[in-house]
Amino acid sequence: MAQSNAGHFFQTSDSLETIKRKTAKKANKHGDPVALSSKVLSLHADSRNRANVFVAEAAGDVQKVDVEVYIV
């Protein structure tokens with residue numbers, strides 16, 4: 001797969017396909033996705049409210065995320 005863009009000169013066709021796949025995945029807005037700034041390191045349930053979880057990220061952030069809980 002020949003590329004004329006100078007910014008992709010040293011990239012393989014596999015890495016370009018990976019970039020395309022990740023871009024398409026990022027554009028998917030079906031449902032209500034949670035956008036995080038970095039990798040998730042830990043996830044803990046909120047002991048006070050079962051509809052919340054705490055997410056610890058690699059960037060040093062901790063967020064409380066509301067999730068839907070279905071109890072059957």
# chains A, B, ... in the order shown; residues from 1 in each chain; ligands from 1
call {"tool": "residues_around", "arguments": {"residues": "range 48-52 of chain A", "least_positions_apart": "2", "cutoff": "6 Å", "atoms": "only C-alpha atoms", "output": "number ranges by chain"}}
result
A: 46, 65-69
call {"tool": "select_by_dssp", "arguments": {"residues": "range 7-65 of chain A", "states": "strand (DSSP E)", "output": "PyMOL selection string"}}
result
chain A and resi 40-45+52-57+62-65
call {"tool": "select_by_dssp", "arguments": {"residues": "range 2-64 of chain A", "states": "helix (DSSP H, G or I)", "output": "mmCIF file with C-alpha atoms, in the first residue's frame"}}
result
data_model
loop_
_atom_site.group_PDB
_atom_site.id
_atom_site.type_symbol
_atom_site.label_atom_id
_atom_site.label_comp_id
_atom_site.auth_asym_id
_atom_site.auth_seq_id
_atom_site.Cartn_x
_atom_site.Cartn_y
_atom_site.Cartn_z
ATOM 1 C CA ALA A 6 5.340 12.342 3.873
ATOM 2 C CA GLY A 7 4.079 11.989 7.471
ATOM 3 C CA HIS A 8 3.537 8.257 6.865
ATOM 4 C CA SER A 13 0.733 -0.804 6.150
ATOM 5 C CA ASP A 14 -0.120 -2.717 9.356
ATOM 6 C CA SER A 15 0.448 0.345 11.529
ATOM 7 C CA LEU A 16 -1.665 2.463 9.162
ATOM 8 C CA GLU A 17 -4.484 -0.100 9.410
ATOM 9 C CA THR A 18 -4.199 -0.001 13.212
ATOM 10 C CA ILE A 19 -4.488 3.793 13.170
ATOM 11 C CA LYS A 20 -7.541 3.571 10.895
ATOM 12 C CA ARG A 21 -9.183 0.950 13.160
ATOM 13 C CA LYS A 22 -8.553 3.000 16.319
ATOM 14 C CA THR A 23 -9.888 6.160 14.664
ATOM 15 C CA ALA A 24 -13.093 4.358 13.689
ATOM 16 C CA LYS A 25 -13.403 2.942 17.213
ATOM 17 C CA LYS A 26 -12.954 6.393 18.738
ATOM 18 C CA ALA A 27 -15.697 7.805 16.474
#
call {"tool": "atom_distance", "arguments": {"atom1": "CA of Val53 in chain A", "atom2": "CA of Leu41 in chain A"}}
result
13.1 Å
call {"tool": "atom_distance", "arguments": {"atom1": "CA of Lys39 in chain A", "atom2": "CA of Val62 in chain A"}}
result
11.5 Å
call {"tool": "atom_distance", "arguments": {"atom1": "CA of Val40 in chain A", "atom2": "CA of Ala59 in chain A"}}
result
9.1 Å
